Amino acid sequence: MELSPRYNPATVEDKWYQIWRERGYFRPRPRSDQPTFSIVMPPPNVTGVLHLGHALNTTWQDILIRYHRMRQEPTLWVPGTDHAGIHTQMKVEELLRSRGVDRRQMGRDAFVAEVWRWKEQYGGRILEQIAKLGASVDWDRLRFTLDEGLSRAVTEVFVRLYEEGLIYRGHYITNWCVTCGTALSDIEVEHRDETGTLTSIRYPLASGDGAVVVATTRPETLLGDTAVAVHPDDPRYRHLIGQTVIVPLVGRAVPIIADTYVDPDFGSGAVKVTPAHDPNDFQMGQRHQLPTIAVIGEDGRMTAEAGAYQGLTREAARVRVLEDLKAEGLVVSEEPIDHAVGHCEKCDSVIEPLVSLQWFVKVQPLAEPAIEAVKTGAVRFVPERFEKIYMNWMENIHDWCISRQIWWGHRIPAYYCQVCGNMVVSRTAVTECPVCQGPMEQDPDVLDTWFSSALWPFSTLGWPDATDDLREFYPTSVLSTGYDIIFFWVSRMLMQGIHFTGQKPFTTVLLHGLVRDAQGRKMSKSLGNGVDPLEVINKYGADALRIALVLGSAPGNDYRWSWERFEAGSHFANKVYNAMRFVLMNWDGAHIPENTPVSNYPVDQWIWSRLNKTIRVITDALDHFEFGLAAKAIYDFFWDDYCDWYIEMTKVRLKGADRERALANLVMVGRRALQLLHPFMPFVTEELYQALGPQEESIMISEWPAPQRERESQEAARDVETVQAFIRTVRNLRAEIRIAPQAQVPVVAIADDRDVLQVWTMLAPEIEWLLKAKPLTLMQKGGDAPTRTIVGMTNGGVVHIPLEGLVDVEKERERLAALKAETLAERQRVRARLADAKFLQRAPEAVVLETQKRLEELDARIRRLSEREATLT
RNA sequence: GGGCGGAUAGCUCAGUGGUAGAGCACCUGCCUUACAAGCAGGGGGUCACAGGUUCGAACCCUGUUUCGCCCA
């Protein structure tokens with residue numbers, strides 16, 4: 001077989017992805033009584049472009065999916081995209097604006113049609129990118145949150161919640177984005193500390209008898225003040241409660257009220273109350289039946305209620321109000337203050353709390369079972385610590401504002417009579433008022449995008465219909481996502497899933513961290529510190545990207561990307577490729593059946609021991625979502641054990657009579673190594689597995705390897721380790737005296753006893769081969785020790801490299817002395833430990849035995865060193 | 001203010017009661033025909049600090065410092 005010495009991922013990856021897809025491997029195998037394994041992919045935004053965070057998450061999921069598929073479980077991974085309401089609308093609006101078109105001119109229907117056109121054209125991009133990663137998703141089950149079926153689920157949920165009294169409509173204060181022109185939920189607001197000015201303003205008492213000073217960071221809202229509040233127990237103000245003050249500039253007489261919300265230690269201990277523009281003031285307003293006067297409008301400008309200030313932006317109004325207050329001598333003080341300011345998650349403008357008519361979900365009744373599910377362990381977070389974060393949030397949850405004043409999304413299924421105002425919430429369109437037969441119009445608002453995402457685990461499987469998919473694959477097994485959307489998404493899926501299906505939507509919540517740059521900064525467009533995964537794939541291949549993302553990643557931990565990591569990944573892909581290329585160059589292609597007789601050759605038994613252990617480690621790690629550990633285990637096995645030792649040791653047998661047996665084991669172990677590696681690096685492993693004469697049509701559907709104890713031997717493993725130590729010792733000596741690796745050199749080794757000699761002798765061909773040791777003389781202690789040599793200590797004996805005429809006796813003596821000092825120091829430590837009665841008494845027997853063995857070896861080494869020193873001439 | 005996480009080799013990070021690890025970087029020698037995207041060898045760490053528990057602590061507990069995140 002002709003193979004290039006360099007692995008070229010580009011020629012391999014697309015080919016295999018297409019074949020897998022055509023052959024239907026991504027679809028779940030037919031039903032059986034076996035438990036199924038299923039994941040619904042977190043739907044990326046249709047506007048999205050793949051970034052490293054997606055790549056990491058997709059890789060993790062694909063690893064799990066491929067692993068479970070190889071375990072022969074019916075396995076399903078559902079792909080899809082999210083319509084991403086505000087986000088997509090903004091994007092298309094921007095596009096239209098560049099063409100000089102405003103959406104309001106177009107009208108709703110034309111605009112929505114435009115967004116659909118955009119979606120059809122670009123919405124599939126991110127899916128193609130996910131395919132490039134090798135994601136083995138079932139494309140036949142591709143879903144979109146605005147699909148007909150999913151929209152039906154959304155309507156059904158809305159109507160049912162409404163009927164159950166868990167959805168209501170009303171005038172409440174909500175977070176309003178003046179730029180996006182819509183209400184937002186609490187979690188869509190990002191609070192950031194900013195330095196503002198705390199202005200203390202004097203409000204004269206109506207009695208003319210003095211004044212009350214209040215402090216505020218938003219003087220412009222004073223125009224809408226309808227009270228001043230103090231703490232009921234504050235002795236400074238107790239006598240004023242119930243009195244009236246005059247709001248400056250507007251001259252409005254408002255009461256002084258008592259409310260425990262007021263913090264007596266903040267500012268003057270008295271606060272102005274603006275129910276229309278502050279959530280806490282709104283609450284106080286409700287408690288005290290205060291009027292609500294909106295002085296700031298939905299466009300962020302002052303309303304008619306603001307009188308002379310009407311039409312000014314809120315920022316300009318702040319300046320003017322301050323000027324006017326100063327002119328009247330009412331400003332007592334101004335001092336800088338750090339305080340949290342809310343910003344729109346999407347557009348970053350400062351959020352304006354406003355009172356408006358919105359739809360809300362009453363969350364608490366839904367939250368309770370969702371809390372319970374995590375408490376009882378029915379749903380588990382990985383890593384566990386996020387359960388606390390989830391609980392904390394859920395136990396303090398607020399009602400959820402779900403209406404958005406935009407056009408792209410699921411329209412609220414509420415209809416209003418244009419004549420009598422009657423409202424109907426309905427699964428189907430209502431055109432005629434059931435009360436007065438007047439014309440009905442649907443609510444213009446759409447639902448929060450997360451409302452539909454919350455249904456994703458069951459809506460994608462066909463709910464509300466009782467489909468086979470639901471029966472078979474719901475609850476899903478794992479939900480893998482970033483810890484940053486636990487509140488937005490995970491909590492809501494749990495609530496809705498349990499409420500509507502009676503079952504948890506998933507068993508495990510697997511959380512990955514943020515992907516950051518090498519300096520630990522978040523990736524952002526403005527910093528330009530991100531990297532396009534496609535660029536990495538083009539440069540190094542998807543396999544390299546995947547293994548680099550997984551090596552050293554752990555649930556919940558942030559990941560720092562760097563080109564070096566990707567490069568290391570591509571080196572490994574190349575290593576794997578070349579190892580198999582070596583096997584293929586030697587192998588004539590003859591069938592090597594899986595029931596090939598067990599080899600009793602120690603090196604073969606050793607590699608099987610290593611392989612079996614690796615299988616156990618990887619399997620256990622994957623079962624516990626320890627991707628980094630699993631990847632490390634196969635990486636180390638492949639590179640260190642299989643390549644650096646097994647292949648190298650096997651080369652000598654490939655030249656001799658034992659060639660067939662060596663090859664058979666090379667191939668069999670190689671196949672299994674590829675299988676273990678397949679979930680991590682699907683493409684290169686398939687390419688090579690096919691070349692190695694597969695037992696199955698594809699590695700993807702081959703059976704996950706099980707340890708084969710009959711092929712391993714603990715004794716052989718120990719013997720090979722003894723020889724490895726021998727080889728390392730000699731290599732060390734050779735390096736020290738600068739003997740070129742390919743230069744032949746005589747080696748004389750003296751074993752302490754017959755057992756050691758036997759082990760060495762048994763593997764003499766490998767020793768000779770790997771060390772270029774010629775002649776290799778193995779003997780037992782007692783004969784004539786060679787002179788004029790340099791020596792090294794190894795387990796059970798001493799090795800000599802004779803250097804007739806080249807040995808500097810003085811230098812060698814120094815070297816030996818240093819070595820001996822080191823060994824003595826170590827023996828001292830080990831002896832001290834063994835002299836401790838408590839250690840002997842309390843440490844596990846195995847540890848004690850190991851320590852004793854170690855002391856014996858150290859004793860032996862010191863003996864050998866002394867003997868050598870004595871004979872050095 | 002409350003909570004969470006990190007602090008381990010020059011850099012990025014694994015490890016998690018029993019002799020400190022990897023990748024990259026560095027030094028030395030090698031194109032030893034699978035791989036120079038490689039091989040062999042090497043240097044480099046009071047595992048943030050202080051106490052405690054333990055026969056034994058990088059690992060468990062307490063506190064401190066410091067960086068970061070989330071919530072209010």
# chains A, B, ... in the order shown; residues from 1 in each chain; ligands from 1
>>> select_by_dssp(residues="stretch 662-806 of chain A", states="alpha helix (DSSP H)", output="PyMOL selection string")
chain A and resi 662-677+682-691+714-736+754-762+764-771
>>> interface_residues(of="chain B", to="chain A", cutoff="6 Å", atoms="only C-alpha atoms (C1' of nucleotides)", output="list in words")
A14, U32, A34, C35, A37, G41 and C55 of chain B
>>> residues_around(residues="B:C26", least_positions_apart="6", cutoff="10 Å", atoms="only C-alpha atoms (C1' of nucleotides)", output="NGL selection string")
:B and (10 or 43-44)
>>> write_last_selection(atoms="C-alpha atoms (C1' of nucleotides)", output="PDB file, in the first residue's frame")
ATOM      1  C1'   G B  10       9.563  29.486  31.566  1.00  0.00           C
ATOM      2  C1'   G B  43      17.993  20.690  32.902  1.00  0.00           C
ATOM      3  C1'   G B  44      13.976  22.962  35.372  1.00  0.00           C
TER       4        G B  44
END
>>> residues_around(residues="B:A9", least_positions_apart="3", cutoff="12 Å", atoms="only C-alpha atoms (C1' of nucleotides)", output="PyMOL selection string")
chain B and resi 12-13+20-22+24-26+43-45+47
>>> write_last_selection(atoms="N, CA, C and O atoms (P, O5', C5', C4', C3', O3' and C1' of nucleotides)", output="JSON list (two decimals), in the first residue's frame")
[["chain", "number", "residue", "atom", "x", "y", "z"],
["B", 12, "U", "P", 0.36, 30.96, 31.41],
["B", 12, "U", "O5'", -0.18, 29.69, 30.60],
["B", 12, "U", "C5'", -0.87, 29.87, 29.36],
["B", 12, "U", "C4'", -1.40, 28.54, 28.90],
["B", 12, "U", "C3'", -2.23, 27.78, 29.92],
["B", 12, "U", "O3'", -3.55, 28.27, 29.97],
["B", 12, "U", "C1'", -0.69, 26.30, 28.92],
["B", 13, "C", "P", -4.41, 28.03, 31.29],
["B", 13, "C", "O5'", -4.09, 26.49, 31.49],
["B", 13, "C", "C5'", -4.90, 25.65, 32.19],
["B", 13, "C", "C4'", -4.48, 24.24, 31.85],
["B", 13, "C", "C3'", -4.77, 23.22, 32.94],
["B", 13, "C", "O3'", -6.15, 22.86, 32.86],
["B", 13, "C", "C1'", -2.62, 22.81, 32.03],
["B", 20, "A", "P", 7.61, 12.64, 45.23],
["B", 20, "A", "O5'", 7.06, 12.19, 43.82],
["B", 20, "A", "C5'", 7.67, 12.64, 42.64],
["B", 20, "A", "C4'", 6.56, 13.30, 41.88],
["B", 20, "A", "C3'", 6.95, 13.58, 40.45],
["B", 20, "A", "O3'", 6.53, 12.46, 39.72],
["B", 20, "A", "C1'", 5.74, 15.40, 41.45],
["B", 21, "G", "P", 7.22, 12.08, 38.42],
["B", 21, "G", "O5'", 6.07, 12.50, 37.43],
["B", 21, "G", "C5'", 6.39, 13.12, 36.22],
["B", 21, "G", "C4'", 5.14, 13.16, 35.41],
["B", 21, "G", "C3'", 5.27, 14.03, 34.17],
["B", 21, "G", "O3'", 5.86, 13.29, 33.12],
["B", 21, "G", "C1'", 3.31, 14.61, 35.34],
["B", 22, "A", "P", 6.61, 14.05, 31.98],
["B", 22, "A", "O5'", 5.40, 14.47, 31.03],
["B", 22, "A", "C5'", 4.55, 13.47, 30.48],
["B", 22, "A", "C4'", 3.47, 14.13, 29.69],
["B", 22, "A", "C3'", 3.95, 15.15, 28.66],
["B", 22, "A", "O3'", 4.33, 14.51, 27.47],
["B", 22, "A", "C1'", 2.18, 16.07, 29.92],
["B", 24, "C", "P", 5.44, 18.64, 22.15],
["B", 24, "C", "O5'", 5.52, 20.22, 22.34],
["B", 24, "C", "C5'", 4.72, 21.07, 21.54],
["B", 24, "C", "C4'", 4.79, 22.49, 22.06],
["B", 24, "C", "C3'", 6.18, 23.09, 22.17],
["B", 24, "C", "O3'", 6.66, 23.56, 20.93],
["B", 24, "C", "C1'", 4.97, 23.56, 24.13],
["B", 25, "A", "P", 8.22, 23.48, 20.65],
["B", 25, "A", "O5'", 8.80, 24.46, 21.76],
["B", 25, "A", "C5'", 8.61, 25.87, 21.64],
["B", 25, "A", "C4'", 9.26, 26.58, 22.81],
["B", 25, "A", "C3'", 10.73, 26.26, 23.04],
["B", 25, "A", "O3'", 11.57, 26.99, 22.16],
["B", 25, "A", "C1'", 9.59, 26.15, 25.09],
["B", 26, "C", "P", 12.90, 26.30, 21.66],
["B", 26, "C", "O5'", 13.76, 26.16, 22.99],
["B", 26, "C", "C5'", 14.16, 27.32, 23.71],
["B", 26, "C", "C4'", 14.98, 26.91, 24.91],
["B", 26, "C", "C3'", 16.13, 25.96, 24.62],
["B", 26, "C", "O3'", 17.26, 26.65, 24.12],
["B", 26, "C", "C1'", 14.96, 25.19, 26.52],
["B", 43, "G", "P", 18.30, 15.82, 34.69],
["B", 43, "G", "O5'", 18.34, 17.40, 34.66],
["B", 43, "G", "C5'", 19.58, 18.10, 34.78],
["B", 43, "G", "C4'", 19.38, 19.55, 34.41],
["B", 43, "G", "C3'", 18.29, 20.26, 35.20],
["B", 43, "G", "O3'", 18.81, 20.76, 36.43],
["B", 43, "G", "C1'", 17.99, 20.69, 32.90],
["B", 44, "G", "P", 17.97, 20.54, 37.74],
["B", 44, "G", "O5'", 16.74, 21.52, 37.52],
["B", 44, "G", "C5'", 16.95, 22.93, 37.37],
["B", 44, "G", "C4'", 15.69, 23.57, 36.85],
["B", 44, "G", "C3'", 14.44, 23.29, 37.68],
["B", 44, "G", "O3'", 14.35, 24.21, 38.75],
["B", 44, "G", "C1'", 13.98, 22.96, 35.37],
["B", 45, "G", "P", 14.29, 23.69, 40.24],
["B", 45, "G", "O5'", 12.74, 23.65, 40.53],
["B", 45, "G", "C5'", 11.86, 24.71, 40.09],
["B", 45, "G", "C4'", 10.48, 24.42, 40.59],
["B", 45, "G", "C3'", 10.40, 24.02, 42.06],
["B", 45, "G", "O3'", 10.11, 25.17, 42.83],
["B", 45, "G", "C1'", 8.99, 22.65, 40.67],
["B", 47, "C", "P", 6.08, 22.81, 47.27],
["B", 47, "C", "O5'", 5.17, 22.98, 45.98],
["B", 47, "C", "C5'", 4.69, 24.28, 45.55],
["B", 47, "C", "C4'", 3.55, 23.99, 44.62],
["B", 47, "C", "C3'", 2.20, 23.95, 45.33],
["B", 47, "C", "O3'", 1.35, 24.90, 44.67],
["B", 47, "C", "C1'", 2.57, 21.96, 44.05]]
>>> select_by_dssp(residues="stretch 702-854 of chain A", states="strand (DSSP E or B)", output="mmCIF file with all heavy atoms, in the first residue's frame")
data_model
loop_
_atom_site.group_PDB
_atom_site.id
_atom_site.type_symbol
_atom_site.label_atom_id
_atom_site.label_comp_id
_atom_site.auth_asym_id
_atom_site.auth_seq_id
_atom_site.Cartn_x
_atom_site.Cartn_y
_atom_site.Cartn_z
ATOM 1 N N VAL A 745 27.945 -0.712 20.086
ATOM 2 C CA VAL A 745 28.792 -0.617 21.261
ATOM 3 C C VAL A 745 28.660 -1.932 22.039
ATOM 4 O O VAL A 745 27.579 -2.511 22.096
ATOM 5 C CB VAL A 745 28.366 0.606 22.097
ATOM 6 C CG1 VAL A 745 27.123 0.347 22.889
ATOM 7 C CG2 VAL A 745 29.497 1.071 22.980
ATOM 8 N N PRO A 746 29.750 -2.409 22.591
ATOM 9 C CA PRO A 746 29.634 -3.616 23.397
ATOM 10 C C PRO A 746 29.013 -3.302 24.753
ATOM 11 O O PRO A 746 29.262 -2.246 25.305
ATOM 12 C CB PRO A 746 31.090 -4.084 23.568
ATOM 13 C CG PRO A 746 31.938 -2.969 23.118
ATOM 14 C CD PRO A 746 31.120 -1.933 22.440
ATOM 15 N N VAL A 747 28.173 -4.210 25.231
ATOM 16 C CA VAL A 747 27.550 -4.035 26.530
ATOM 17 C C VAL A 747 27.732 -5.321 27.325
ATOM 18 O O VAL A 747 27.515 -6.415 26.811
ATOM 19 C CB VAL A 747 26.045 -3.722 26.399
ATOM 20 C CG1 VAL A 747 25.365 -3.746 27.762
ATOM 21 C CG2 VAL A 747 25.841 -2.365 25.722
ATOM 22 N N VAL A 748 28.185 -5.169 28.554
ATOM 23 C CA VAL A 748 28.309 -6.321 29.442
ATOM 24 C C VAL A 748 27.391 -6.066 30.638
ATOM 25 O O VAL A 748 27.460 -5.001 31.253
ATOM 26 C CB VAL A 748 29.765 -6.493 29.939
ATOM 27 C CG1 VAL A 748 29.852 -7.687 30.889
ATOM 28 C CG2 VAL A 748 30.706 -6.662 28.759
ATOM 29 N N ALA A 749 26.517 -7.016 30.908
ATOM 30 C CA ALA A 749 25.594 -6.819 32.021
ATOM 31 C C ALA A 749 25.734 -7.971 33.002
ATOM 32 O O ALA A 749 25.818 -9.127 32.598
ATOM 33 C CB ALA A 749 24.168 -6.731 31.522
ATOM 34 N N ILE A 750 25.764 -7.620 34.276
ATOM 35 C CA ILE A 750 25.950 -8.649 35.310
ATOM 36 C C ILE A 750 24.737 -8.658 36.237
ATOM 37 O O ILE A 750 24.447 -7.662 36.910
ATOM 38 C CB ILE A 750 27.232 -8.378 36.112
ATOM 39 C CG1 ILE A 750 28.427 -8.378 35.137
ATOM 40 C CG2 ILE A 750 27.418 -9.439 37.186
ATOM 41 C CD1 ILE A 750 29.701 -7.884 35.741
ATOM 42 N N ALA A 751 24.062 -9.779 36.212
ATOM 43 C CA ALA A 751 22.837 -9.898 37.006
ATOM 44 C C ALA A 751 23.154 -10.370 38.407
ATOM 45 O O ALA A 751 24.089 -11.149 38.606
ATOM 46 C CB ALA A 751 21.881 -10.878 36.334
ATOM 47 N N ALA A 773 23.571 -2.946 20.784
ATOM 48 C CA ALA A 773 24.578 -3.506 21.675
ATOM 49 C C ALA A 773 25.221 -4.712 20.995
ATOM 50 O O ALA A 773 24.554 -5.714 20.756
ATOM 51 C CB ALA A 773 23.933 -3.923 22.995
ATOM 52 N N LYS A 774 26.505 -4.570 20.681
ATOM 53 C CA LYS A 774 27.168 -5.674 20.031
ATOM 54 C C LYS A 774 28.645 -5.683 20.375
ATOM 55 O O LYS A 774 29.322 -4.682 20.114
ATOM 56 C CB LYS A 774 27.005 -5.566 18.506
ATOM 57 C CG LYS A 774 27.042 -6.914 17.832
ATOM 58 C CD LYS A 774 26.248 -6.886 16.561
ATOM 59 C CE LYS A 774 25.976 -8.303 16.075
ATOM 60 N NZ LYS A 774 25.283 -8.306 14.803
ATOM 61 N N PRO A 775 29.138 -6.735 20.981
ATOM 62 C CA PRO A 775 28.369 -7.879 21.448
ATOM 63 C C PRO A 775 27.650 -7.552 22.762
ATOM 64 O O PRO A 775 28.103 -6.706 23.513
ATOM 65 C CB PRO A 775 29.443 -8.949 21.679
ATOM 66 C CG PRO A 775 30.662 -8.154 21.991
ATOM 67 C CD PRO A 775 30.578 -6.865 21.236
ATOM 68 N N LEU A 776 26.572 -8.261 22.988
ATOM 69 C CA LEU A 776 25.864 -8.130 24.257
ATOM 70 C C LEU A 776 26.224 -9.344 25.106
ATOM 71 O O LEU A 776 25.981 -10.476 24.707
ATOM 72 C CB LEU A 776 24.355 -8.091 24.031
ATOM 73 C CG LEU A 776 23.472 -8.133 25.283
ATOM 74 C CD1 LEU A 776 23.645 -6.874 26.127
ATOM 75 C CD2 LEU A 776 22.004 -8.312 24.915
ATOM 76 N N THR A 777 26.863 -9.086 26.233
ATOM 77 C CA THR A 777 27.268 -10.181 27.105
ATOM 78 C C THR A 777 26.455 -10.132 28.387
ATOM 79 O O THR A 777 26.494 -9.136 29.107
ATOM 80 C CB THR A 777 28.773 -10.055 27.447
ATOM 81 O OG1 THR A 777 29.484 -9.778 26.237
ATOM 82 C CG2 THR A 777 29.286 -11.314 28.086
ATOM 83 N N LEU A 778 25.687 -11.188 28.624
ATOM 84 C CA LEU A 778 24.876 -11.243 29.831
ATOM 85 C C LEU A 778 25.442 -12.332 30.724
ATOM 86 O O LEU A 778 25.678 -13.451 30.262
ATOM 87 C CB LEU A 778 23.420 -11.566 29.469
ATOM 88 C CG LEU A 778 22.758 -10.597 28.482
ATOM 89 C CD1 LEU A 778 21.385 -11.104 28.070
ATOM 90 C CD2 LEU A 778 22.663 -9.203 29.066
ATOM 91 N N MET A 779 25.710 -11.995 31.960
ATOM 92 C CA MET A 779 26.255 -13.018 32.855
ATOM 93 C C MET A 779 25.756 -12.811 34.264
ATOM 94 O O MET A 779 25.151 -11.787 34.573
ATOM 95 C CB MET A 779 27.788 -12.961 32.843
ATOM 96 C CG MET A 779 28.347 -11.644 33.303
ATOM 97 S SD MET A 779 30.130 -11.690 33.413
ATOM 98 C CE MET A 779 30.600 -11.371 31.740
ATOM 99 N N GLN A 780 26.007 -13.848 35.058
ATOM 100 C CA GLN A 780 25.584 -13.753 36.442
ATOM 101 C C GLN A 780 26.767 -13.343 37.284
ATOM 102 O O GLN A 780 27.915 -13.616 36.948
ATOM 103 C CB GLN A 780 25.037 -15.102 36.911
ATOM 104 C CG GLN A 780 24.101 -14.976 38.090
ATOM 105 C CD GLN A 780 23.510 -16.318 38.452
ATOM 106 O OE1 GLN A 780 23.215 -17.123 37.566
ATOM 107 N NE2 GLN A 780 23.367 -16.583 39.728
ATOM 108 N N THR A 789 35.612 0.225 32.224
ATOM 109 C CA THR A 789 34.258 0.416 31.711
ATOM 110 C C THR A 789 33.612 1.567 32.477
ATOM 111 O O THR A 789 34.120 1.989 33.515
ATOM 112 C CB THR A 789 33.379 -0.825 31.959
ATOM 113 O OG1 THR A 789 33.198 -0.980 33.365
ATOM 114 C CG2 THR A 789 33.977 -2.074 31.351
ATOM 115 N N ILE A 790 32.496 2.050 31.930
ATOM 116 C CA ILE A 790 31.655 2.887 32.774
ATOM 117 C C ILE A 790 30.416 2.061 33.081
ATOM 118 O O ILE A 790 30.010 1.214 32.284
ATOM 119 C CB ILE A 790 31.284 4.242 32.131
ATOM 120 C CG1 ILE A 790 30.392 4.036 30.922
ATOM 121 C CG2 ILE A 790 32.528 5.025 31.772
ATOM 122 C CD1 ILE A 790 29.629 5.270 30.584
ATOM 123 N N VAL A 791 29.832 2.314 34.236
ATOM 124 C CA VAL A 791 28.749 1.441 34.678
ATOM 125 C C VAL A 791 27.488 2.223 35.005
ATOM 126 O O VAL A 791 27.522 3.420 35.297
ATOM 127 C CB VAL A 791 29.143 0.630 35.926
ATOM 128 C CG1 VAL A 791 30.380 -0.192 35.662
ATOM 129 C CG2 VAL A 791 29.321 1.547 37.119
ATOM 130 N N GLY A 792 26.405 1.510 34.954
ATOM 131 C CA GLY A 792 25.124 2.064 35.386
ATOM 132 C C GLY A 792 24.374 1.018 36.176
ATOM 133 O O GLY A 792 24.572 -0.180 35.980
ATOM 134 N N MET A 793 23.531 1.485 37.089
ATOM 135 C CA MET A 793 22.767 0.559 37.911
ATOM 136 C C MET A 793 21.377 0.364 37.316
ATOM 137 O O MET A 793 20.725 1.312 36.920
ATOM 138 C CB MET A 793 22.590 1.128 39.322
ATOM 139 C CG MET A 793 23.878 1.309 40.068
ATOM 140 S SD MET A 793 24.752 -0.252 40.290
ATOM 141 C CE MET A 793 26.414 0.253 39.876
ATOM 142 N N THR A 794 20.949 -0.866 37.299
ATOM 143 C CA THR A 794 19.571 -1.108 36.877
ATOM 144 C C THR A 794 18.944 -2.111 37.828
ATOM 145 O O THR A 794 19.630 -2.650 38.704
ATOM 146 C CB THR A 794 19.517 -1.598 35.420
ATOM 147 O OG1 THR A 794 18.155 -1.690 35.020
ATOM 148 C CG2 THR A 794 20.178 -2.962 35.264
ATOM 149 N N GLY A 797 20.764 -5.592 38.747
ATOM 150 C CA GLY A 797 22.099 -5.806 38.217
ATOM 151 C C GLY A 797 22.792 -4.525 37.802
ATOM 152 O O GLY A 797 22.319 -3.419 38.053
ATOM 153 N N VAL A 798 23.929 -4.734 37.171
ATOM 154 C CA VAL A 798 24.754 -3.607 36.763
ATOM 155 C C VAL A 798 25.147 -3.777 35.293
ATOM 156 O O VAL A 798 25.378 -4.895 34.840
ATOM 157 C CB VAL A 798 25.976 -3.469 37.703
ATOM 158 C CG1 VAL A 798 26.668 -4.808 37.890
ATOM 159 C CG2 VAL A 798 26.966 -2.446 37.198
ATOM 160 N N VAL A 799 25.159 -2.659 34.580
ATOM 161 C CA VAL A 799 25.540 -2.730 33.161
ATOM 162 C C VAL A 799 26.854 -1.996 32.945
ATOM 163 O O VAL A 799 27.102 -0.957 33.561
ATOM 164 C CB VAL A 799 24.439 -2.131 32.249
ATOM 165 C CG1 VAL A 799 23.182 -2.978 32.308
ATOM 166 C CG2 VAL A 799 24.148 -0.700 32.607
ATOM 167 N N HIS A 800 27.670 -2.563 32.079
ATOM 168 C CA HIS A 800 28.973 -1.966 31.760
ATOM 169 C C HIS A 800 29.056 -1.645 30.287
ATOM 170 O O HIS A 800 28.605 -2.426 29.460
ATOM 171 C CB HIS A 800 30.113 -2.962 32.041
ATOM 172 C CG HIS A 800 30.251 -3.341 33.477
ATOM 173 N ND1 HIS A 800 31.267 -2.865 34.273
ATOM 174 C CD2 HIS A 800 29.509 -4.158 34.261
ATOM 175 C CE1 HIS A 800 31.146 -3.381 35.484
ATOM 176 N NE2 HIS A 800 30.077 -4.177 35.504
ATOM 177 N N ILE A 801 29.622 -0.500 29.999
ATOM 178 C CA ILE A 801 30.042 -0.252 28.613
ATOM 179 C C ILE A 801 31.564 -0.175 28.642
ATOM 180 O O ILE A 801 32.141 0.756 29.216
ATOM 181 C CB ILE A 801 29.450 1.057 28.063
ATOM 182 C CG1 ILE A 801 27.923 0.940 28.000
ATOM 183 C CG2 ILE A 801 30.014 1.336 26.671
ATOM 184 C CD1 ILE A 801 27.247 2.148 27.404
ATOM 185 N N PRO A 802 32.222 -1.189 28.084
ATOM 186 C CA PRO A 802 33.685 -1.186 28.084
ATOM 187 C C PRO A 802 34.199 -0.080 27.175
ATOM 188 O O PRO A 802 33.655 0.129 26.103
ATOM 189 C CB PRO A 802 34.043 -2.560 27.500
ATOM 190 C CG PRO A 802 32.767 -3.337 27.458
ATOM 191 C CD PRO A 802 31.655 -2.364 27.401
#
>>> atom_distance(atom1="atom CA of A:Phe111", atom2="atom CA of A:Arg99")
13.6 Å
>>> closest_residue(among="A:Pro439, A:Gly134, A:Pro593, A:Gly170", to="A:Lys15", atoms="only C-alpha atoms")
A:Gly134
